[in-house]
file work_9.cif (mmCIF, C-alpha atoms)
data_protein
loop_
_atom_site.label_atom_id
_atom_site.label_comp_id
_atom_site.auth_asym_id
_atom_site.auth_seq_id
_atom_site.Cartn_x
_atom_site.Cartn_y
_atom_site.Cartn_z
CA MET A 1 159.89 186.59 79.02
CA ALA A 2 157.06 188.57 80.55
CA GLN A 3 154.74 187.50 77.73
CA MET A 4 155.55 183.79 78.22
CA LYS A 5 154.99 184.06 81.96
CA ALA A 6 151.60 185.65 81.39
CA ARG A 7 150.52 182.75 79.12
CA ALA A 8 151.60 180.15 81.67
CA THR A 9 149.56 181.74 84.41
CA ASP A 10 146.39 182.08 82.26
CA THR A 11 143.57 179.72 83.51
CA LEU A 12 140.12 178.92 82.04
CA SER A 13 137.06 179.83 83.99
CA GLN A 14 134.01 177.51 84.26
CA ALA A 15 132.23 179.65 81.67
CA ASP A 16 135.15 179.22 79.25
CA ILE A 17 135.03 175.40 79.73
CA GLU A 18 131.28 175.23 79.03
CA ALA A 19 131.67 177.41 75.96
CA LEU A 20 134.43 175.17 74.68
CA LEU A 21 132.31 172.03 75.13
CA ALA A 22 129.38 173.68 73.42
CA SER A 23 131.57 174.39 70.38
CA MET A 24 132.10 170.63 69.77
CA PRO A 25 128.90 169.56 67.85
CA GLY A 26 130.02 166.00 66.93
CA GLU A 27 130.39 164.73 70.51
CA GLN A 28 127.31 166.57 71.81
CA GLU A 29 125.08 165.30 69.03
CA GLY A 30 126.41 161.76 69.57
CA ARG A 31 125.35 161.88 73.19
CA ALA A 32 121.92 163.32 72.51
CA THR A 33 120.82 161.04 69.67
CA PRO A 34 122.25 157.48 69.78
CA PRO A 35 122.19 155.57 66.49
CA PRO A 36 118.96 153.61 65.89
CA PRO A 37 119.17 149.84 66.25
CA SER A 38 119.56 147.80 63.11
CA SER A 39 116.18 146.83 61.66
CA ASP A 40 117.33 143.33 60.63
CA LYS A 41 117.92 142.18 64.24
CA GLN A 42 115.13 140.08 65.80
CA ILE A 43 114.41 140.53 69.48
CA ARG A 44 113.54 137.32 71.35
CA THR A 45 112.03 137.36 74.82
CA TRP A 46 113.69 135.12 77.39
CA ASN A 47 112.28 134.17 80.76
CA PHE A 48 115.30 133.51 83.01
CA ARG A 49 113.05 132.02 85.69
CA LYS A 50 111.39 129.58 83.29
CA PRO A 51 113.80 128.72 80.46
CA ASP A 52 112.88 126.18 77.78
CA LYS A 53 114.83 123.00 78.47
CA PHE A 54 113.11 120.99 75.73
CA SER A 55 112.89 121.93 72.07
CA LYS A 56 109.84 121.38 69.86
CA ASP A 57 111.58 118.32 68.45
CA HIS A 58 111.96 116.90 71.95
CA MET A 59 108.31 117.58 72.79
CA ARG A 60 107.10 115.84 69.61
CA SER A 61 109.12 112.75 70.50
CA LEU A 62 107.77 112.77 74.07
CA LEU A 63 104.23 113.10 72.72
CA ALA A 64 104.71 110.04 70.47
CA LEU A 65 106.25 108.08 73.36
CA HIS A 66 103.34 108.74 75.72
CA GLN A 67 100.71 108.13 73.04
CA ASN A 68 102.18 104.65 72.77
CA PHE A 69 102.12 104.40 76.57
CA ALA A 70 98.43 105.39 76.60
CA ARG A 71 97.55 102.58 74.18
CA LEU A 72 99.51 99.98 76.14
CA ALA A 73 98.09 101.08 79.50
CA ALA A 74 94.52 101.07 78.13
CA THR A 75 94.92 97.48 76.90
CA ALA A 76 96.43 96.31 80.20
CA LEU A 77 93.79 98.02 82.36
CA SER A 78 90.94 96.71 80.19
CA ALA A 79 92.05 93.16 80.98
CA ARG A 80 92.54 93.86 84.69
CA LEU A 81 89.30 95.78 85.25
CA ARG A 82 87.18 93.66 82.89
CA SER A 83 85.83 96.83 81.33
CA ASN A 84 86.47 98.91 78.24
CA VAL A 85 89.22 101.42 79.09
CA MET A 86 90.23 104.25 76.76
CA ILE A 87 93.22 106.51 77.45
CA LYS A 88 94.38 109.40 75.29
CA VAL A 89 97.03 112.08 75.70
CA THR A 90 95.48 115.54 75.96
CA SER A 91 98.71 117.55 76.34
CA VAL A 92 102.48 117.29 76.75
CA ASP A 93 104.09 120.52 77.94
CA GLN A 94 106.97 121.81 80.02
CA GLY A 95 106.66 123.95 83.13
CA LEU A 96 107.91 124.56 86.64
CA TYR A 97 107.60 121.80 89.21
CA GLU A 98 105.94 124.13 91.71
CA GLU A 99 103.32 125.12 89.11
CA TYR A 100 102.40 121.47 88.61
CA ILE A 101 102.08 120.84 92.35
CA ASP A 102 99.95 123.98 92.81
CA LEU A 103 97.49 122.77 90.15
CA LEU A 104 96.86 119.44 91.88
CA PRO A 105 93.83 119.16 94.20
CA ASP A 106 94.43 119.03 97.95
CA GLN A 107 93.42 115.35 98.02
CA SER A 108 94.90 113.23 95.25
CA VAL A 109 96.59 109.84 94.81
CA VAL A 110 100.23 110.71 94.04
CA ASN A 111 102.62 107.88 93.15
CA VAL A 112 106.38 108.48 93.39
CA VAL A 113 108.09 106.31 90.76
CA SER A 114 111.82 105.69 90.34
CA MET A 115 113.20 105.11 86.84
CA ARG A 116 116.41 103.20 87.54
CA PRO A 117 119.10 103.35 86.26
CA LEU A 118 118.13 106.99 85.56
CA GLU A 119 118.53 109.48 88.38
CA GLY A 120 115.57 111.08 90.09
CA ASN A 121 111.88 110.16 90.33
CA LEU A 122 108.70 111.05 88.46
CA LEU A 123 105.17 111.58 89.73
CA MET A 124 102.05 109.80 88.49
CA GLU A 125 98.84 111.27 89.90
CA PHE A 126 95.27 109.89 89.86
CA GLN A 127 92.13 111.81 90.62
CA PRO A 128 90.57 110.33 93.79
CA GLU A 129 87.32 109.63 91.90
CA LEU A 130 89.19 107.75 89.17
CA ALA A 131 91.10 105.72 91.76
CA MET A 132 87.83 104.71 93.44
CA VAL A 133 86.31 103.70 90.08
CA MET A 134 89.30 101.46 89.32
CA LEU A 135 89.23 99.92 92.79
CA ASP A 136 85.48 99.23 92.55
CA ARG A 137 85.93 97.55 89.16
CA LEU A 138 88.89 95.55 90.46
CA LEU A 139 86.71 94.22 93.29
CA GLY A 140 83.94 93.17 90.90
CA GLY A 141 81.74 96.25 91.19
CA THR A 142 80.16 98.39 88.48
CA GLY A 143 82.58 101.29 88.87
CA SER A 144 80.43 103.40 91.16
CA VAL A 145 82.11 106.12 93.23
CA GLY A 146 81.49 106.28 96.94
CA GLU A 147 83.36 108.60 99.27
CA ALA A 148 86.37 109.58 97.15
CA ASN A 149 88.08 112.05 99.49
CA HIS A 150 89.00 109.71 102.31
CA GLU A 151 92.23 108.25 103.58
CA LEU A 152 93.05 105.03 101.75
CA THR A 153 92.87 101.91 103.90
CA ASP A 154 95.65 99.32 103.93
CA ILE A 155 93.62 97.06 101.63
CA GLU A 156 92.94 99.92 99.20
CA LEU A 157 96.62 100.88 99.22
CA ALA A 158 97.58 97.30 98.35
CA LEU A 159 95.09 97.31 95.45
CA VAL A 160 96.38 100.67 94.20
CA ARG A 161 99.93 99.31 94.25
CA ASN A 162 98.71 96.34 92.22
CA LEU A 163 97.16 98.64 89.62
CA ASP A 164 100.30 100.78 89.59
CA ARG A 165 102.39 97.77 88.66
CA THR A 166 100.12 97.13 85.67
CA ILE A 167 100.49 100.73 84.49
CA LEU A 168 104.24 100.82 85.12
CA GLU A 169 104.72 97.68 83.02
CA ALA A 170 103.09 99.58 80.14
CA LEU A 171 105.36 102.57 80.86
CA GLN A 172 108.44 100.34 80.77
CA GLU A 173 107.40 98.89 77.41
CA ALA A 174 106.68 102.36 75.99
CA TRP A 175 110.13 103.65 77.05
CA VAL A 176 112.05 100.65 75.68
CA ASN A 177 113.00 102.48 72.45
CA LEU A 178 114.33 105.39 74.50
CA ALA A 179 116.06 103.58 77.36
CA GLU A 180 115.98 100.32 79.32
CA VAL A 181 114.35 101.48 82.57
CA ASP A 182 112.78 99.70 85.52
CA PRO A 183 109.87 101.83 86.81
CA THR A 184 109.35 101.03 90.49
CA LEU A 185 106.73 102.44 92.86
CA GLU A 186 108.53 104.05 95.81
CA GLU A 187 105.75 105.81 97.71
CA ILE A 188 102.03 106.67 97.61
CA SER A 189 100.80 109.93 99.11
CA MET A 190 97.37 111.54 99.36
CA THR A 191 98.82 115.04 99.92
CA PRO A 192 100.62 116.41 96.83
CA GLN A 193 102.05 119.42 98.65
CA LEU A 194 104.15 117.12 100.86
CA VAL A 195 105.79 115.33 97.92
CA GLN A 196 109.14 116.84 96.94
CA ILE A 197 111.05 115.13 94.11
CA ALA A 198 112.54 118.32 92.62
CA SER A 199 113.19 121.94 93.56
CA PRO A 200 110.28 124.35 92.94
CA ALA A 201 112.06 126.13 90.07
CA ASP A 202 113.07 122.94 88.22
CA ILE A 203 111.69 122.43 84.72
CA ALA A 204 109.61 119.29 84.19
CA VAL A 205 107.62 117.61 81.42
CA ILE A 206 103.93 117.51 82.33
CA VAL A 207 101.77 114.87 80.62
CA LEU A 208 97.98 114.93 80.94
CA LEU A 209 95.97 111.80 80.10
CA GLU A 210 92.19 111.47 79.80
CA VAL A 211 90.90 108.11 81.04
CA GLN A 212 87.47 106.65 80.30
CA ILE A 213 86.38 103.50 82.15
CA GLY A 214 82.96 102.51 80.92
CA ASP A 215 80.97 105.73 81.15
CA ARG A 216 83.25 107.27 83.81
CA LEU A 217 85.79 109.96 82.92
CA GLY A 218 88.91 110.93 84.85
CA THR A 219 92.46 112.13 84.41
CA ILE A 220 95.97 110.85 85.09
CA SER A 221 98.84 113.32 85.12
CA MET A 222 102.58 112.68 85.05
CA CYS A 223 105.41 115.02 86.04
CA ILE A 224 108.87 114.06 84.75
CA PRO A 225 111.65 116.39 86.01
CA HIS A 226 114.35 117.49 83.59
CA LEU A 227 116.91 115.61 85.70
CA VAL A 228 115.33 112.28 84.69
CA ILE A 229 115.28 112.94 80.93
CA GLU A 230 118.52 114.96 80.65
CA PRO A 231 120.77 111.92 79.91
CA LEU A 232 118.41 110.93 77.06
CA MET A 233 118.08 114.30 75.34
CA GLN A 234 120.10 113.28 72.29
CA ARG A 235 117.92 110.19 71.77
CA LEU A 236 114.81 112.39 71.72
CA SER A 237 115.72 113.89 68.35
CA ALA A 238 113.34 113.06 65.52
CA GLN A 239 115.80 110.99 63.45
CA VAL A 240 116.97 108.84 66.36
CA TRP A 241 113.38 108.33 67.52
CA VAL A 242 112.15 107.22 64.09
CA VAL A 243 115.06 104.80 63.61
CA SER A 244 114.71 103.28 67.09
CA ASN A 245 110.94 102.95 66.63
CA ARG A 246 111.23 100.75 63.57
CA ARG A 247 110.01 97.22 64.12
CA LYS A 248 112.92 94.85 64.47
CA ALA A 249 113.00 91.55 62.61
CA PRO A 250 112.31 88.59 64.90
CA THR A 251 115.40 86.70 65.94
CA THR A 252 115.77 83.01 66.81
CA GLU A 253 116.01 83.94 70.47
CA MET A 254 112.75 85.91 70.30
CA ARG A 255 110.96 82.97 68.63
CA ASP A 256 112.29 80.55 71.25
CA ASN A 257 111.08 82.83 74.06
CA ILE A 258 107.59 83.02 72.54
CA LEU A 259 107.42 79.26 72.04
CA SER A 260 108.64 78.57 75.58
CA GLY A 261 105.82 80.75 76.89
CA LEU A 262 103.24 79.02 74.71
CA ARG A 263 104.28 75.50 75.72
CA GLY A 264 102.67 75.89 79.11
CA SER A 265 99.40 77.29 77.75
CA PRO A 266 96.38 74.95 78.12
CA VAL A 267 94.35 74.03 74.99
CA THR A 268 91.13 72.07 74.56
CA VAL A 269 91.39 68.70 72.74
CA THR A 270 88.13 67.07 71.57
CA ALA A 271 87.69 63.54 70.20
CA VAL A 272 85.01 63.48 67.50
CA LEU A 273 83.55 60.04 66.62
CA SER A 274 81.35 61.33 63.81
CA GLU A 275 79.15 64.26 62.83
CA THR A 276 75.70 64.78 61.36
CA THR A 277 73.41 67.62 60.35
CA VAL A 278 69.89 68.12 61.71
CA THR A 279 67.39 70.95 61.62
CA VAL A 280 66.49 73.07 64.61
CA GLY A 281 62.98 71.59 64.54
CA GLU A 282 64.37 68.05 64.78
CA VAL A 283 66.48 69.03 67.77
CA LEU A 284 63.45 70.53 69.50
CA ARG A 285 61.45 67.31 68.96
CA LEU A 286 64.16 65.00 70.38
CA GLN A 287 63.00 62.95 73.38
CA GLU A 288 64.50 60.31 75.63
CA GLY A 289 64.97 57.05 73.74
CA ASP A 290 65.20 58.63 70.27
CA VAL A 291 68.07 57.48 68.03
CA LEU A 292 70.17 60.03 66.16
CA LEU A 293 71.89 58.65 63.07
CA LEU A 294 75.45 59.89 62.65
CA GLY A 295 77.06 60.60 59.32
CA SER A 296 79.13 58.02 57.55
CA GLY A 297 82.76 57.72 58.56
CA SER A 298 85.57 55.27 59.13
CA VAL A 299 84.46 52.59 61.55
CA GLY A 300 86.37 52.93 64.78
CA ASN A 301 88.28 55.98 63.55
CA VAL A 302 88.35 59.06 65.79
CA ARG A 303 89.37 62.57 64.76
CA LEU A 304 91.02 64.80 67.34
CA LYS A 305 90.28 68.52 67.27
CA VAL A 306 92.81 70.87 68.93
CA GLY A 307 91.01 74.12 69.66
CA ASP A 308 88.85 74.56 66.56
CA GLN A 309 91.18 72.74 64.13
CA TYR A 310 91.27 69.02 63.27
CA LYS A 311 94.83 67.89 63.90
CA PHE A 312 95.08 64.09 64.41
CA SER A 313 93.32 60.79 63.70
CA GLY A 314 93.35 57.82 66.06
CA LEU A 315 91.64 54.82 67.60
CA PRO A 316 89.43 54.91 70.73
CA GLY A 317 90.13 52.67 73.71
CA LEU A 318 90.45 52.44 77.48
CA VAL A 319 93.45 53.16 79.71
CA GLY A 320 93.07 52.40 83.39
CA GLY A 321 89.29 52.38 83.11
CA ARG A 322 89.22 55.78 81.41
CA MET A 323 88.39 56.53 77.78
CA ALA A 324 91.41 57.33 75.63
CA VAL A 325 92.46 57.81 72.02
CA LYS A 326 95.62 56.39 70.46
CA ILE A 327 96.98 58.84 67.87
CA GLY A 328 97.62 57.13 64.57
CA SER A 329 98.35 59.90 62.08
CA VAL A 330 98.30 63.62 61.45
CA ASP A 331 95.00 64.74 59.95
CA GLU A 332 95.73 66.99 56.98
CA SER A 333 92.21 67.23 55.61
CA GLU A 334 91.14 70.44 57.37
CA GLY A 335 94.05 72.52 58.55
CA GLY A 336 95.79 69.60 60.18
CA ASN A 337 99.06 70.61 58.62
CA ASP A 338 98.98 74.16 60.04
#
call {"tool": "encode", "arguments": {"input": "work_9.cif", "output": "structure tokens"}}
result
Amino acid sequence: MAQMKARATDTLSQADIEALLASMPGEQEGRATPPPPSSDKQIRTWNFRKPDKFSKDHMRSLLALHQNFARLAATALSARLRSNVMIKVTSVDQGLYEEYIDLLPDQSVVNVVSMRPLEGNLLMEFQPELAMVMLDRLLGGTGSVGEANHELTDIELALVRNLDRTILEALQEAWVNLAEVDPTLEEISMTPQLVQIASPADIAVIVLLEVQIGDRLGTISMCIPHLVIEPLMQRLSAQVWVVSNRRKAPTTEMRDNILSGLRGSPVTVTAVLSETTVTVGEVLRLQEGDVLLLGSGSVGNVRLKVGDQYKFSGLPGLVGGRMAVKIGSVDESEGGND
């Protein structure tokens, strides 16, 4: 009994505890040298502040979309400005909204555009110099740049809105394979820092376009927040984009729409009595009173030319004191049956 009582009252000192722990090599070695990581695991860096919202497949589709937009906008602006306009996409990337705003100059023409029925807005920015070149060409000038960094007048704002509509029509046509949208200009600002269409940390697609008008160079940039494109992410895959980009066969409705638009188009109709061939020297020697012999042809017969094609034959006459031609038949000799 005395021996059992002595064992119950025995306690370990701190030195005994440390010696006991030191005698356990497996646990101590496990703490000192952790197992090396597996060599077949790949470490990928991830920026939690700037995550990638768009894959490479998405970016390729967006590049193709805006290359088509650049071609359409260049054609439309060439007609409006009566000058050769070339537009090409220099880059399509993703970044933070605040980074895009910080890169813009203090004075710039910033257009806020809604893309209904999609949520949110996008930004389309012109360099002030480029805006002045377009305005000068629109007003019949040579495209010279005066004072670019000035507040736009009411007349200049109205002209910029007019040009914006031309560009937005091209944007609508370029997006038609992705979604039926109605780009509408909501606001024009000359101070980019005061425009807020997304939170600073939001991811956006940033498109840079190089514009050449005559011998003048400038840039147009676009900022499309992720909120706008998010509902269309699945349609941005390569397979869907290729299928939707295929040219559709014309339908009866499409042909009727084209013909209805052409019916109101004016054409030149010319009545030709007869024709002859002379040399340039004979034309130069012609004087008042000279007689020019025409080639042989049906007496009294008149051929009607529509544009540059002979289409009808008829008889000349008078209607209400004015010269007229009564159509007798369709002329099939030279393209009349086209």
call {"tool": "residues_around", "arguments": {"input": "work_9.cif", "residues": "Ile101 of chain A", "least_positions_apart": "3", "cutoff": "8 Å", "atoms": "all atoms listed in the file", "output": "PyMOL selection string"}}
result
chain A and resi 97-98+104+192-193
call {"tool": "write_last_selection", "arguments": {"input": "work_9.cif", "atoms": "C-alpha atoms", "output": "PDB file, keeping the file's coordinate frame"}}
result
ATOM      1  CA  TYR A  97     107.600 121.800  89.210  1.00  0.00           C
ATOM      2  CA  GLU A  98     105.940 124.130  91.710  1.00  0.00           C
ATOM      3  CA  LEU A 104      96.860 119.440  91.880  1.00  0.00           C
ATOM      4  CA  PRO A 192     100.620 116.410  96.830  1.00  0.00           C
ATOM      5  CA  GLN A 193     102.050 119.420  98.650  1.00  0.00           C
TER       6      GLN A 193
END
call {"tool": "resolve_selection", "arguments": {"input": "work_9.cif", "expression": "the PyMOL selection byres ((chain A and resi 174-189) around 8)", "output": "PyMOL selection string"}}
result
chain A and resi 65-66+68-69+72+108-118+161+164-165+168-173+190-192+195+232+235-236+241+244-245
call {"tool": "closest_residue", "arguments": {"input": "work_9.cif", "among": "A:Leu77, A:Val211, A:Ala204, A:Cys223", "to": "Leu163 of chain A", "atoms": "all atoms listed in the file"}}
result
A:Leu77
call {"tool": "residues_near_point", "arguments": {"input": "work_9.cif", "point": "(92.3, 102.0, 77.6)", "cutoff": "10 Å", "atoms": "only C-alpha atoms", "output": "JSON list (two decimals) with C-alpha atoms, keeping the file's coordinate frame"}}
result
[["chain", "number", "residue", "atom", "x", "y", "z"],
["A", 70, "ALA", "CA", 98.43, 105.39, 76.60],
["A", 71, "ARG", "CA", 97.55, 102.58, 74.18],
["A", 72, "LEU", "CA", 99.51, 99.98, 76.14],
["A", 73, "ALA", "CA", 98.09, 101.08, 79.50],
["A", 74, "ALA", "CA", 94.52, 101.07, 78.13],
["A", 75, "THR", "CA", 94.92, 97.48, 76.90],
["A", 76, "ALA", "CA", 96.43, 96.31, 80.20],
["A", 77, "LEU", "CA", 93.79, 98.02, 82.36],
["A", 78, "SER", "CA", 90.94, 96.71, 80.19],
["A", 79, "ALA", "CA", 92.05, 93.16, 80.98],
["A", 83, "SER", "CA", 85.83, 96.83, 81.33],
["A", 84, "ASN", "CA", 86.47, 98.91, 78.24],
["A", 85, "VAL", "CA", 89.22, 101.42, 79.09],
["A", 86, "MET", "CA", 90.23, 104.25, 76.76],
["A", 87, "ILE", "CA", 93.22, 106.51, 77.45],
["A", 88, "LYS", "CA", 94.38, 109.40, 75.29],
["A", 210, "GLU", "CA", 92.19, 111.47, 79.80],
["A", 211, "VAL", "CA", 90.90, 108.11, 81.04],
["A", 212, "GLN", "CA", 87.47, 106.65, 80.30],
["A", 213, "ILE", "CA", 86.38, 103.50, 82.15],
["A", 214, "GLY", "CA", 82.96, 102.51, 80.92]]
call {"tool": "closest_residue", "arguments": {"input": "work_9.cif", "among": "A:Asn301, A:Thr270, A:Ser55, A:Ser221", "to": "Leu130 of chain A", "atoms": "only C-alpha atoms"}}
result
A:Ser221
